[in-house]
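Peer 1: File name query14.cif; file contents mmCIF, C-alpha atoms; full text below.
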```cif
data_coords
#
loop_
_atom_site.label_atom_id
_atom_site.label_comp_id
_atom_site.auth_asym_id
_atom_site.auth_seq_id
_atom_site.Cartn_x
_atom_site.Cartn_y
_atom_site.Cartn_z
CA MET O 994 76.88 227.72 239.29
CA LEU O 995 73.85 227.54 237.04
CA ALA O 996 71.82 225.98 239.83
CA LEU O 997 72.81 228.83 242.15
CA ILE O 998 71.78 231.48 239.59
CA SER O 999 68.44 229.79 238.95
CA THR O 1000 67.81 229.60 242.71
CA ILE O 1001 68.56 233.31 243.10
CA LEU O 1002 66.30 234.16 240.16
CA ALA O 1003 63.48 232.08 241.64
CA GLN O 1004 63.90 233.87 244.97
CA ILE O 1005 63.83 237.27 243.24
CA ASP O 1006 60.65 236.17 241.47
CA GLN O 1007 59.06 235.18 244.77
CA ALA O 1008 60.14 238.43 246.40
CA GLU O 1009 58.63 240.40 243.51
CA SER O 1010 55.26 238.70 243.84
CA GLY O 1011 55.39 239.18 247.61
CA LEU O 1012 56.13 242.88 247.20
CA SER O 1013 53.28 243.15 244.68
CA ALA O 1014 50.90 241.62 247.21
CA ILE O 1015 52.08 244.03 249.92
CA GLY O 1016 51.70 246.96 247.51
CA ALA O 1017 48.22 245.82 246.50
CA GLY O 1018 47.08 245.51 250.11
CA LEU O 1019 48.59 248.86 251.09
CA GLY O 1020 47.12 250.55 248.03
CA TYR O 1021 43.63 249.21 248.70
CA GLY O 1022 43.78 250.20 252.35
CA LEU O 1023 45.06 253.70 251.62
CA ALA O 1024 42.55 254.17 248.81
CA ALA O 1025 39.71 253.28 251.17
CA ILE O 1026 40.66 256.01 253.68
CA GLY O 1027 39.82 258.98 251.42
CA PRO O 1028 36.32 257.82 250.48
CA GLY O 1029 35.72 256.88 254.13
CA VAL O 1030 36.49 260.44 255.21
CA GLY O 1031 34.45 261.79 252.30
CA ILE O 1032 31.41 259.67 253.14
CA GLY O 1033 31.69 260.77 256.76
CA ILE O 1034 31.62 264.42 255.69
CA VAL O 1035 28.68 263.84 253.33
CA VAL O 1036 26.59 262.01 255.91
CA GLY O 1037 27.51 264.39 258.72
CA ASN O 1038 26.41 267.39 256.69
CA ALA O 1039 23.25 265.64 255.53
CA ILE O 1040 22.31 264.95 259.16
CA THR O 1041 22.96 268.60 260.00
CA ALA O 1042 20.76 269.68 257.08
CA MET O 1043 17.96 267.30 258.15
CA ALA O 1044 18.14 268.56 261.73
CA ARG O 1045 18.12 272.24 260.72
CA GLN O 1046 15.42 271.98 258.09
CA PRO O 1047 13.39 268.81 258.53
CA GLU O 1048 10.98 269.64 255.71
CA SER O 1049 13.80 269.37 253.18
CA ALA O 1050 15.10 266.10 254.57
CA GLY O 1051 14.02 264.24 251.45
CA VAL O 1052 16.25 266.44 249.30
CA ALA O 1053 19.10 266.00 251.79
CA ARG O 1054 18.68 262.22 251.62
CA THR O 1055 18.75 262.24 247.83
CA THR O 1056 21.86 264.41 247.75
CA MET O 1057 23.44 262.24 250.44
CA PHE O 1058 22.81 259.03 248.51
CA LEU O 1059 24.29 260.49 245.33
CA GLY O 1060 27.24 261.91 247.27
CA ILE O 1061 27.95 258.58 248.92
CA ALA O 1062 27.75 256.74 245.61
CA PHE O 1063 30.04 259.18 243.81
CA THR O 1064 32.55 259.11 246.67
CA GLU O 1065 32.47 255.34 246.67
CA ALA O 1066 33.64 255.34 243.05
CA LEU O 1067 37.06 256.35 244.41
CA ALA O 1068 37.13 253.29 246.64
CA LEU O 1069 36.19 251.16 243.64
CA ILE O 1070 39.14 252.56 241.72
CA GLY O 1071 41.36 251.57 244.66
CA PHE O 1072 39.81 248.10 244.53
CA VAL O 1073 40.57 247.89 240.82
CA VAL O 1074 44.21 248.81 241.44
CA PHE O 1075 44.30 246.11 244.15
CA ILE O 1076 43.00 243.50 241.70
CA LEU O 1077 45.44 244.52 238.99
CA LEU O 1078 48.45 244.57 241.34
CA LEU O 1079 47.65 241.27 243.04
CA PRO O 1080 49.95 238.50 241.72
CA MET T 66 -1.10 270.96 264.35
CA ALA T 67 -0.04 272.84 261.26
CA GLU T 68 3.56 272.38 262.29
CA GLN T 69 2.95 268.70 262.74
CA ALA T 70 1.43 268.51 259.28
CA ALA T 71 4.47 270.29 257.89
CA GLN T 72 6.77 267.74 259.51
CA PRO T 73 8.53 265.78 256.89
CA ALA T 74 8.08 262.30 255.81
CA ALA T 75 11.82 262.43 256.00
CA MET T 76 12.75 260.28 258.92
CA GLY T 77 11.66 257.03 257.45
CA GLU T 78 8.23 257.20 255.88
CA GLU T 79 9.55 258.16 252.47
CA ALA T 80 12.62 256.63 250.98
CA PRO T 81 13.87 258.62 247.99
CA GLU T 82 17.20 256.78 248.05
CA ARG T 83 15.49 253.42 247.73
CA ALA T 84 13.40 254.68 244.79
CA MET T 85 16.62 255.91 243.19
CA ALA T 86 18.39 252.62 243.80
CA GLN T 87 15.49 250.72 242.24
CA ASP T 88 15.64 253.06 239.27
CA ILE T 89 19.41 252.55 238.99
CA VAL T 90 18.94 248.76 239.06
CA ARG T 91 16.25 249.06 236.35
CA ARG T 92 18.54 251.18 234.19
CA GLY T 93 21.40 248.77 234.86
CA MET T 94 19.24 245.95 233.53
CA ILE T 95 18.60 248.00 230.40
CA GLY T 96 22.05 249.51 229.76
CA GLY T 97 24.25 246.90 231.43
CA PRO T 98 23.91 244.26 228.70
CA VAL T 99 25.56 246.69 226.26
CA LEU T 100 28.69 246.81 228.42
CA VAL T 101 28.56 243.06 228.99
CA GLY T 102 28.15 242.56 225.23
CA VAL T 103 31.22 244.70 224.50
CA CYS T 104 33.25 242.69 227.02
CA ALA T 105 31.93 239.46 225.49
CA GLY T 106 32.98 240.70 222.06
CA VAL T 107 36.54 241.42 223.21
CA TRP T 108 37.16 238.60 225.73
CA GLY T 109 34.66 235.96 224.61
CA PHE T 110 32.65 233.90 227.06
CA ASP T 111 35.09 234.59 229.90
CA GLY T 112 34.52 238.30 229.40
CA LEU T 113 30.78 237.77 229.29
CA TRP T 114 30.67 235.95 232.64
CA SER T 115 33.19 238.26 234.33
CA SER T 116 31.47 241.41 233.12
CA GLY T 117 28.02 240.08 234.04
CA TYR T 118 29.31 239.15 237.49
CA ALA T 119 30.70 242.67 237.99
CA LEU T 120 27.44 244.25 236.81
CA GLY T 121 25.48 242.11 239.25
CA LEU T 122 27.81 243.13 242.08
CA ILE T 123 27.41 246.82 241.28
CA LEU T 124 23.61 246.59 241.18
CA ILE T 125 23.55 244.69 244.49
CA ASN T 126 25.92 247.33 245.90
CA PHE T 127 23.54 250.17 245.01
CA TRP T 128 20.52 248.33 246.34
CA LEU T 129 22.31 247.43 249.58
CA ALA T 130 23.53 251.01 250.10
CA ALA T 131 20.03 252.42 249.73
CA SER T 132 18.47 249.72 251.91
CA LEU T 133 21.00 250.37 254.69
CA ILE T 134 20.30 254.12 254.60
CA THR T 135 16.53 253.58 254.69
CA TRP T 136 16.77 251.03 257.49
CA SER T 137 19.18 253.04 259.66
CA LEU T 138 17.33 256.34 259.20
CA ARG T 139 14.18 254.70 260.58
CA ILE T 140 16.05 254.17 263.84
CA SER T 141 17.94 257.46 264.36
CA PRO T 142 20.35 259.90 262.71
CA THR T 143 23.16 258.43 264.80
CA MET T 144 22.31 255.01 263.45
CA LEU T 145 22.40 256.53 259.97
CA MET T 146 26.03 257.53 260.51
CA ALA T 147 26.87 254.09 261.85
CA GLY T 148 24.86 252.37 259.13
CA VAL T 149 26.48 254.27 256.28
CA MET T 150 30.03 253.94 257.57
CA GLY T 151 29.55 250.31 258.56
CA GLY T 152 27.76 249.66 255.30
CA TYR T 153 30.67 251.14 253.36
CA PHE T 154 33.10 248.69 254.92
CA ILE T 155 30.67 245.79 254.65
CA ARG T 156 30.05 246.49 250.96
CA LEU T 157 33.78 246.79 250.26
CA GLY T 158 34.20 243.49 252.10
CA ILE T 159 31.48 241.89 249.99
CA LEU T 160 33.16 243.10 246.80
CA THR T 161 36.53 241.80 247.94
CA GLY T 162 35.03 238.48 249.04
CA ALA T 163 33.14 238.14 245.76
CA TYR T 164 36.41 238.73 243.88
CA PHE T 165 38.34 236.14 245.90
CA LEU T 166 35.48 233.68 245.45
CA VAL T 167 35.88 233.58 241.69
CA ARG T 168 39.50 234.66 241.29
CA ASN T 169 40.90 231.22 240.54
CA THR T 170 38.00 229.88 238.52
CA GLY T 171 38.58 229.14 234.85
CA TRP T 172 36.09 231.64 233.49
CA PHE T 173 37.26 234.69 235.41
CA GLU T 174 39.02 237.52 233.55
CA ALA T 175 40.24 240.43 235.64
CA LEU T 176 40.19 243.15 232.98
CA PRO T 177 36.52 242.96 231.88
CA PHE T 178 35.59 242.56 235.56
CA VAL T 179 37.30 245.77 236.68
CA ILE T 180 36.27 247.75 233.59
CA THR T 181 32.62 246.84 234.14
CA LEU T 182 32.89 247.49 237.87
CA VAL T 183 34.05 251.09 237.48
CA ALA T 184 32.28 251.96 234.22
CA ALA T 185 28.89 250.61 235.33
CA HIS T 186 29.09 252.39 238.68
CA ILE T 187 29.97 255.79 237.23
CA VAL T 188 27.80 255.60 234.10
CA LEU T 189 24.72 254.46 236.04
CA LEU T 190 25.19 257.25 238.58
CA VAL T 191 25.65 259.96 235.98
CA TRP T 192 22.69 258.58 234.04
CA GLU T 193 20.57 258.63 237.19
CA THR T 194 21.36 262.28 237.96
CA ARG T 195 19.37 263.24 234.86
CA TYR T 196 16.24 261.82 236.46
CA VAL T 197 16.63 263.26 239.94
CA SER T 198 14.30 266.08 240.82
CA MET T 199 15.51 267.22 244.28
CA SER T 200 12.62 269.62 244.87
CA LEU T 201 10.57 269.79 248.04
CA ALA T 202 7.58 268.30 246.24
CA TYR T 203 9.59 265.52 244.63
CA PRO T 204 12.75 264.98 246.70
CA GLY T 205 13.80 261.88 244.80
CA LEU T 206 13.02 261.07 241.20
CA LYS T 207 11.27 263.39 238.82
CA PRO T 208 7.60 262.56 238.43
CA GLN T 209 6.68 260.45 235.44
CA GLY T 210 6.15 262.49 232.28
CA ALA T 211 7.96 265.57 233.59
CA THR T 212 9.82 267.63 231.02
CA GLN T 213 13.50 268.53 231.52
#
```
Could you spell out this file's structure in structure tokens?
Peer 2:
Amino acid sequence: MLALISTILAQIDQAESGLSAIGAGLGYGLAAIGPGVGIGIVVGNAITAMARQPESAGVARTTMFLGIAFTEALALIGFVVFILLLP
Amino acid sequence: MAEQAAQPAAMGEEAPERAMAQDIVRRGMIGGPVLVGVCAGVWGFDGLWSSGYALGLILINFWLAASLITWSLRISPTMLMAGVMGGYFIRLGILTGAYFLVRNTGWFEALPFVITLVAAHIVLLVWETRYVSMSLAYPGLKPQGATQ
């Protein structure tokens, strides 16, 4: 009886770590979507700005770089959650 | 002719993002050791190595992002879009690979690693915004000796 209980507990333990891994992977993947969309919007608008007003392209590039980096912070937070959830 | 002279140095001759990334790396070298020192104080040598590793990854990440933008913008705006989006996934892949590379080593501590990763990224960016000019004359960093 004791052996059966310990086997069940071990299986529950394994299932928990498996579910954690699935959650970590899903979380990381989902967290990467938002920044991906955000970076696309930032770069798309920067290209539009450079095409419309080429003389201010330097400013657009600077703003774009900062925008990309700030947006990427969200992806990093998703990465952190992934690391902390991973068994 | 005048129009040609007014054409920007925007499509590749100038690289404000690279200048900014170099400045971020320089500031990371100055301010980063404080964060690494705090982690070393709390987690000991494991914290020191993990935090230093994360700081190095963040600085490489900034430098790589700027280099990819500069390189792709020299080719075309379309390549810029591809370079930035591809670069985003490549850099995330590098971060993930770098984590899995050291994950099971004896010196690796997850908490100082993730704290440094996020804190260094955000603090360095916010710090850098104080030194960005964004004027037509100086599209990137403020000129040396400029007042606020």
Peer 1: Please enumerate the residues selected by the PyMOL selection byres ((chain O and resi 1030-1034) around 12) when evaluated against the supplied file, formatted as a PyMOL selection string.
Peer 2: (chain O and resi 1023-1029+1035-1041+1056-1068) or (chain T and resi 143+145-154)
Peer 1: Work out how far CA of Gly117 (chain T) is from CA of Pro98 (chain T), in Å to one decimal.
Peer 2: 7.9 Å
Peer 1: Restricting the calculation to all atoms listed in the file, which member of O:Ile1005, O:Val1073, O:Ala1014, O:Leu997 is positioned closest to chain T?
Peer 2: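 The closest residue to chain T is O:Val1073.
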Peer 1: Can you list, as a PDB file with C-alpha atoms, in the coordinates of the input, every protein, DNA or RNA residue that comes within 12 Å of Arg1054 (chain O) when you count all atoms listed in the file, leaving out same-chain residues fewer than 4 positions away?
Peer 2:
```
ATOM      1  CA  VAL O1035      28.680 263.840 253.330  1.00  0.00           C
ATOM      2  CA  VAL O1036      26.590 262.010 255.910  1.00  0.00           C
ATOM      3  CA  GLY O1037      27.510 264.390 258.720  1.00  0.00           C
ATOM      4  CA  ASN O1038      26.410 267.390 256.690  1.00  0.00           C
ATOM      5  CA  ALA O1039      23.250 265.640 255.530  1.00  0.00           C
ATOM      6  CA  ILE O1040      22.310 264.950 259.160  1.00  0.00           C
ATOM      7  CA  THR O1041      22.960 268.600 260.000  1.00  0.00           C
ATOM      8  CA  ALA O1042      20.760 269.680 257.080  1.00  0.00           C
ATOM      9  CA  MET O1043      17.960 267.300 258.150  1.00  0.00           C
ATOM     10  CA  ALA O1044      18.140 268.560 261.730  1.00  0.00           C
ATOM     11  CA  PRO O1047      13.390 268.810 258.530  1.00  0.00           C
ATOM     12  CA  GLU O1048      10.980 269.640 255.710  1.00  0.00           C
ATOM     13  CA  SER O1049      13.800 269.370 253.180  1.00  0.00           C
ATOM     14  CA  ALA O1050      15.100 266.100 254.570  1.00  0.00           C
ATOM     15  CA  PHE O1058      22.810 259.030 248.510  1.00  0.00           C
ATOM     16  CA  LEU O1059      24.290 260.490 245.330  1.00  0.00           C
ATOM     17  CA  GLY O1060      27.240 261.910 247.270  1.00  0.00           C
ATOM     18  CA  ILE O1061      27.950 258.580 248.920  1.00  0.00           C
TER      19      ILE O1061
ATOM     20  CA  PRO T  73       8.530 265.780 256.890  1.00  0.00           C
ATOM     21  CA  ALA T  74       8.080 262.300 255.810  1.00  0.00           C
ATOM     22  CA  ALA T  75      11.820 262.430 256.000  1.00  0.00           C
ATOM     23  CA  MET T  76      12.750 260.280 258.920  1.00  0.00           C
ATOM     24  CA  GLY T  77      11.660 257.030 257.450  1.00  0.00           C
ATOM     25  CA  GLU T  79       9.550 258.160 252.470  1.00  0.00           C
ATOM     26  CA  ALA T  80      12.620 256.630 250.980  1.00  0.00           C
ATOM     27  CA  PRO T  81      13.870 258.620 247.990  1.00  0.00           C
ATOM     28  CA  GLU T  82      17.200 256.780 248.050  1.00  0.00           C
ATOM     29  CA  ARG T  83      15.490 253.420 247.730  1.00  0.00           C
ATOM     30  CA  ALA T  84      13.400 254.680 244.790  1.00  0.00           C
ATOM     31  CA  MET T  85      16.620 255.910 243.190  1.00  0.00           C
ATOM     32  CA  ALA T 131      20.030 252.420 249.730  1.00  0.00           C
ATOM     33  CA  ILE T 134      20.300 254.120 254.600  1.00  0.00           C
ATOM     34  CA  THR T 135      16.530 253.580 254.690  1.00  0.00           C
ATOM     35  CA  LEU T 138      17.330 256.340 259.200  1.00  0.00           C
ATOM     36  CA  PRO T 142      20.350 259.900 262.710  1.00  0.00           C
ATOM     37  CA  LEU T 145      22.400 256.530 259.970  1.00  0.00           C
ATOM     38  CA  VAL T 197      16.630 263.260 239.940  1.00  0.00           C
ATOM     39  CA  MET T 199      15.510 267.220 244.280  1.00  0.00           C
ATOM     40  CA  SER T 200      12.620 269.620 244.870  1.00  0.00           C
ATOM     41  CA  LEU T 201      10.570 269.790 248.040  1.00  0.00           C
ATOM     42  CA  TYR T 203       9.590 265.520 244.630  1.00  0.00           C
ATOM     43  CA  PRO T 204      12.750 264.980 246.700  1.00  0.00           C
ATOM     44  CA  GLY T 205      13.800 261.880 244.800  1.00  0.00           C
ATOM     45  CA  LEU T 206      13.020 261.070 241.200  1.00  0.00           C
TER      46      LEU T 206
END
```
Peer 1: Within 9 Å of Ile1015 (chain O), counting all atoms listed in the file, which residues show up once you throw out same-chain ones fewer than 5 positions away? Write them as a PDB file with C-alpha atoms, keeping the file's coordinate frame, please.
Peer 2:
```pdb
ATOM      1  CA  SER O1010      55.260 238.700 243.840  1.00  0.00           C
ATOM      2  CA  GLY O1020      47.120 250.550 248.030  1.00  0.00           C
ATOM      3  CA  LEU O1079      47.650 241.270 243.040  1.00  0.00           C
TER       4      LEU O1079
END
```
Peer 1: As a check of understanding, name the residues that the PyMOL selection byres ((chain T and resi 114) around 10) selects in the supplied structure, as a PDB file with C-alpha atoms, in the coordinates of the input.
Peer 2:
```
ATOM      1  CA  VAL T 101      28.560 243.060 228.990  1.00  0.00           C
ATOM      2  CA  CYS T 104      33.250 242.690 227.020  1.00  0.00           C
ATOM      3  CA  ALA T 105      31.930 239.460 225.490  1.00  0.00           C
ATOM      4  CA  TRP T 108      37.160 238.600 225.730  1.00  0.00           C
ATOM      5  CA  GLY T 109      34.660 235.960 224.610  1.00  0.00           C
ATOM      6  CA  PHE T 110      32.650 233.900 227.060  1.00  0.00           C
ATOM      7  CA  ASP T 111      35.090 234.590 229.900  1.00  0.00           C
ATOM      8  CA  GLY T 112      34.520 238.300 229.400  1.00  0.00           C
ATOM      9  CA  LEU T 113      30.780 237.770 229.290  1.00  0.00           C
ATOM     10  CA  SER T 115      33.190 238.260 234.330  1.00  0.00           C
ATOM     11  CA  SER T 116      31.470 241.410 233.120  1.00  0.00           C
ATOM     12  CA  GLY T 117      28.020 240.080 234.040  1.00  0.00           C
ATOM     13  CA  TYR T 118      29.310 239.150 237.490  1.00  0.00           C
ATOM     14  CA  ALA T 119      30.700 242.670 237.990  1.00  0.00           C
ATOM     15  CA  LEU T 120      27.440 244.250 236.810  1.00  0.00           C
ATOM     16  CA  TRP T 172      36.090 231.640 233.490  1.00  0.00           C
ATOM     17  CA  PHE T 173      37.260 234.690 235.410  1.00  0.00           C
ATOM     18  CA  GLU T 174      39.020 237.520 233.550  1.00  0.00           C
ATOM     19  CA  PRO T 177      36.520 242.960 231.880  1.00  0.00           C
ATOM     20  CA  PHE T 178      35.590 242.560 235.560  1.00  0.00           C
TER      21      PHE T 178
END
```
Peer 1: Taking (21.2, 251.5, 237.1) in the file's coordinates as the center, which residues reach within 9 Å of it, counting all atoms listed in the file, put as a PyMOL selection string?
Peer 2: chain T and resi 85-97+123-124+127+185-186+188-190+192-193
Peer 1: O:Leu1012, O:Ala1017, O:Leu1069, O:Leu1078: which is nearest chain T, counting all atoms listed in the file?
Peer 2: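 Of all the options, O:Leu1069 lies closest to chain T.
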Peer 1: Please report the interatomic distance between CA of Gly1071 (chain O) and CA of Tyr1021 (chain O) in Å with one decimal.
Peer 2: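 Interatomic distance, CA of Gly1071 (chain O) to CA of Tyr1021 (chain O): 5.2 Å.
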Peer 1: What gap, in Å, lies between CA of Ile159 (chain T) and CA of Thr194 (chain T)?
Peer 2: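 Here the two named atoms are 25.7 Å from each other.
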